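Okay, structure first, notes after.
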Amino acid sequence: MIWMLVILLLIAVAGLVWLWRARVRLLLENQATSEELKRMQTTQSQVIHTNKLASLGQMVAGVTHEINTPLGFLRSNAQVVTELLDEHTQIVGKVASALHKFDQVDLAQPKAQEALKRLLPKMQAALGNDERIAESRALLNDALEGVDQISSLVKNLKGFARVDRDGQELWNVNEGIESALMIANHQMKDRIEVVKNLESVPLVRVMPSQINQVFLNLITNAAQAMHERGTLTVSSRRNGETVEIEFSDTGSGIPSAVLPKIFDPFFTTKPVGEGTGLGLSIVHKILTSHQGHIKVDSTPGHGTRFTVSLPVDHAALKSHSVMPREPA
Amino acid sequence: MAEKIRILCIDDEARILRALKALFREHEVHTTSDPKLALLWAKSKDIDVVVCDQRMPQMLGVELLREIKRVQPRAMRLLLTGYSDLNAVLASVNESEVYRFINKPWDNTELRNLIAQAASIARDVPILPIAPISESEKEQARRTASVLVIEDDPDTQNRLREILGSHYTVRFANNAERAMQLLEQHETGVVISEAETSAGDWTTLIKLLKQYHPQIPTVVITDRANAQLAIDLINEGQVYRMLIKPVRMGTCRLSVESAIGHYWQLKQNPQALRRFSVSPAKNSGGLLPAWLSGGLLERIKKLPRRLLGSMA
């Protein structure tokens, strides 16, 4: 009997050891899985971050162009106005020294009076009708407008990058569309016509910097799909419980065989080195994390339409019903 | 200049146009945002200098300048731009052969000097014949002048030998010393060069060569291109063509053929030389790369006259 007990005991011990090992293995595996998960999450956020940096680079290029133009006439005008004022000062100086001469003669003399009569209209014309003053005023007016132009660019830029905040906010998508279009402007300006059909839409609760990234990615894709000239139509509207934003281009379109794959990570039709194949997968990922959706329709040879939808924020809806569109 | 310079400015920003008009108030300035009107005026107003923005909604600056070159060939063409991508700069070299590239914001004194210089060239310096040289002249040019390739990558050397070898006498140099020797010994009609290699920056050599010997056109073939490098090569080196690696047979042949034709035309019409000249860059004053210190600059200045045709 005893040996049977011993055997049972041994079996039990072996069982326990096995169980223990299995548990350790499971624990280890579990740990590996969670590490893997963590790694994947990090990679994913790195990818989003890299894409954000790429859009920042794009932004710098765009804004450089937009700012250098007003800077060009600002700098030139400041210098030209200085020159014009110098010239005007010289004229004032001449008039002053001519007047000074009359100070030394007896004005009761008819000769002096005659000379004064002759000179006065000339002086008046030189001082009163100097076109340099009108010209300076026009140039300064342009300069002021240039400063406003730069200020609004900087404001747009801050709004786009959200450098000072990062979190969920109640936000008007039209604002994001305007700033993304401004940033992509230099890629389109010379060949693509942009048509905006932006309706008054309710606010959404989103991370604006991420949704801006979505808009910029879609606009950039559209611009690249139109090799020559084309039209990009951007529309926003309310559709039931969602806000819909539509980007529709007249570009090369996407073949139907390719269409189901376009949101897959690393899928790209661009030559090596030109695209990461991550743009649309990031767009998809960002929208999913916002409980949003993206839909695509494409006709090869005619163009592509991407429709983004984001849920309306109900709390905001109650207090504000509908937000008017903010001016650009 | 006693007579007023006739300047044509094209930009889609009205305020830039007003600024330029005020800046050149002593001259005859025509401004427009409409490329079609600009093209019409270039001829009808007998324009001396064209200042054009690169990016406009209707037509690219380089496209417009290419057309203006056709209708008013004696006018000097300048691009005024706020931001340039590489393709636009390359097109401005290869298609519209711009005289200078100016960045916004510009410096008024520099721009005034540049326009005065361009206007004096436009009025006093004759243009090269518009028709390309004849087949027999081409043949003669090929026999007389050789192609110098400055390149240290053996693959590119082989590729160029393959593309050009059967048509031209092609000589290779993989350092500045060898390049100078070849320039001193043979009449050179075209210099093909990489811009930057592991061995160093070739652009200084290209620019210096142009300063002292503007009759030799340079074709830069590079894989390290960026817009600023290209702009510098235009402004300080009047680069004739700029190609991006990998070297394509068709474009490469066309470019070299056109370059040697250009050389030949200049040889027959040395009075047109000033159109293609550059003045020493002000910032390259004392600081020359080490490889240039060994008397190379002096050698560049003193290239034998007999190799430079009638124009040295």
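By convention in this document, the chains of the structure tokens carry letters A, B, ... by their order, each chain's residues are numbered from 1, and ligands are numbered from 1 in the order they are shown.
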Next on the checklist: Give me, as JSON, numbers by chain, all polymer residues having an atom no more than 8 Å from segment 111-128 of chain B, counting only C-alpha atoms and skipping those fewer than 6 positions away in the same chain.
Outcome noted: {"B": [1, 5, 24, 48, 49, 73, 74, 75, 76, 265, 266, 269, 271, 272, 273, 274, 275]}
Residues near segment 6-21 of chain B, cut-off 7 Å, only C-alpha atoms, skip fewer than 6 positions along chain, as a PDB file with C-alpha atoms, in the first residue's frame:
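And here is the file that came out, out38.pdb:
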```
ATOM      1  CA  PHE A  73       7.532  93.869 -50.422  1.00  0.00           C
ATOM      2  CA  SER A  76      11.551  96.828 -50.196  1.00  0.00           C
ATOM      3  CA  ASN A  77       8.788  99.275 -49.258  1.00  0.00           C
ATOM      4  CA  ASP A 142       0.741  97.631 -48.487  1.00  0.00           C
TER       5      ASP A 142
ATOM      6  CA  HIS B  27      12.750 103.516 -65.092  1.00  0.00           C
ATOM      7  CA  GLU B  28       9.945 102.380 -67.353  1.00  0.00           C
ATOM      8  CA  VAL B  29       8.233  99.585 -65.440  1.00  0.00           C
ATOM      9  CA  HIS B  30       5.384  97.464 -66.814  1.00  0.00           C
ATOM     10  CA  THR B  31       3.623  95.221 -64.338  1.00  0.00           C
ATOM     11  CA  THR B  32       0.998  92.525 -64.751  1.00  0.00           C
ATOM     12  CA  SER B  33      -0.355  89.352 -63.185  1.00  0.00           C
ATOM     13  CA  ILE B  47      11.508  94.936 -72.876  1.00  0.00           C
ATOM     14  CA  ASP B  48      15.119  94.834 -71.618  1.00  0.00           C
ATOM     15  CA  VAL B  49      14.722  92.897 -68.384  1.00  0.00           C
ATOM     16  CA  VAL B  50      12.012  90.498 -67.221  1.00  0.00           C
ATOM     17  CA  VAL B  51      11.482  89.858 -63.510  1.00  0.00           C
ATOM     18  CA  CYS B  52       9.090  87.003 -62.999  1.00  0.00           C
ATOM     19  CA  ASP B  53       7.673  85.104 -60.029  1.00  0.00           C
ATOM     20  CA  MET B  56       1.527  81.722 -60.437  1.00  0.00           C
TER      21      MET B  56
END
```
Checklist entry - For chain A against chain B, which residues fall within 10 Å using only C-alpha atoms, given as number ranges by chain? => result A: 61-81, 83-84, 132, 135-136, 138-139, 141-143, 145-146, 186-193, 229
Item to check | DSSP-assigned helix (DSSP H, G or I) among segment 26-129 of chain B, expressed as a PyMOL selection string | outcome: chain B and resi 35-44+61-71+86-94+108-124
Picked from segment 24-241 of chain B by DSSP as strand (DSSP E), as a tab-separated table (two decimals) with C-alpha atoms, in the first residue's frame:
```
chain	number	residue	atom	x	y	z
B	28	GLU	CA	9.94	102.38	-67.35
B	29	VAL	CA	8.23	99.58	-65.44
B	30	HIS	CA	5.38	97.46	-66.81
B	31	THR	CA	3.62	95.22	-64.34
B	32	THR	CA	1.00	92.52	-64.75
B	49	VAL	CA	14.72	92.90	-68.38
B	50	VAL	CA	12.01	90.50	-67.22
B	51	VAL	CA	11.48	89.86	-63.51
B	52	CYS	CA	9.09	87.00	-63.00
B	53	ASP	CA	7.67	85.10	-60.03
B	76	MET	CA	17.51	89.15	-69.81
B	77	ARG	CA	15.35	86.88	-67.67
B	78	LEU	CA	15.30	86.83	-63.88
B	79	LEU	CA	13.23	84.70	-61.54
B	80	LEU	CA	12.05	86.24	-58.29
B	81	THR	CA	10.80	83.62	-55.91
B	100	ARG	CA	19.78	85.00	-62.32
B	101	PHE	CA	17.60	83.65	-59.54
B	102	ILE	CA	16.57	86.13	-56.83
B	103	ASN	CA	15.10	85.09	-53.51
B	146	SER	CA	36.74	67.77	-76.47
B	147	VAL	CA	34.46	66.95	-73.57
B	148	LEU	CA	36.01	67.01	-70.11
B	149	VAL	CA	34.32	64.89	-67.47
B	150	ILE	CA	35.16	65.66	-63.85
B	170	VAL	CA	35.85	62.43	-73.97
B	171	ARG	CA	38.54	62.87	-71.33
B	172	PHE	CA	38.14	61.99	-67.68
B	173	ALA	CA	39.51	63.59	-64.55
B	188	THR	CA	37.61	71.96	-74.15
B	189	GLY	CA	34.12	72.58	-75.47
B	190	VAL	CA	32.06	71.23	-72.58
B	191	VAL	CA	32.78	70.45	-68.96
B	192	ILE	CA	30.61	67.75	-67.44
B	193	SER	CA	30.92	67.64	-63.69
B	196	GLU	CA	29.83	67.29	-54.85
B	197	THR	CA	31.65	64.03	-54.37
B	200	GLY	CA	34.99	67.44	-52.11
B	201	ASP	CA	32.90	70.21	-53.51
B	218	THR	CA	29.08	73.37	-67.90
B	219	VAL	CA	26.74	70.43	-67.61
B	220	VAL	CA	26.34	69.40	-64.00
B	221	ILE	CA	25.24	65.82	-63.41
B	222	THR	CA	24.57	65.13	-59.79
B	241	ARG	CA	22.40	72.27	-68.01
```
Item to check | Selection: 9 Å around segment 115-119 of chain A, only C-alpha atoms, excl. self and same-chain fewer than 6 positions, as a list in words | outcome: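 Residues meeting the cut-off are Ala98, Leu99, Phe102 and Leu107 of chain A.
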Item to check | Polymer residues at most 10 Å from Ala222 of chain A, only C-alpha atoms, same-chain spacing of 6 or more positions, as a list in words | outcome: Met188, Ile192, Leu216, Gly230, Thr231, Leu232, Thr233, Phe247, Ser248, Asp249, Thr250, Gly251, Ser252, Gly253, Gly303, Thr304, Arg305 and Phe306 of chain A
Checklist entry - With distances taken over only C-alpha atoms, which of B:Leu37, B:Leu160, B:Leu64, B:Val98 is nearest to Asn235 of chain B? => result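 Residue with the minimum atom-to-atom distance to Asn235 of chain B: B:Val98.
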Checklist entry - Looking at A:Thr288, A:Ser256, A:Ser236, A:Asn30, which one is nearest to Thr307 of chain A, with distances taken over only C-alpha atoms? => result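 Ranked by minimum distance to Thr307 of chain A, first place goes to A:Ser236.
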Checklist entry - If you measure from atom CA of Pro304 of chain B to atom CA of Glu137 of chain B, what distance in Å do you get, rounded to one decimal? => result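 If I compute the distance from atom CA of Pro304 of chain B to atom CA of Glu137 of chain B, I get 23.6 Å.
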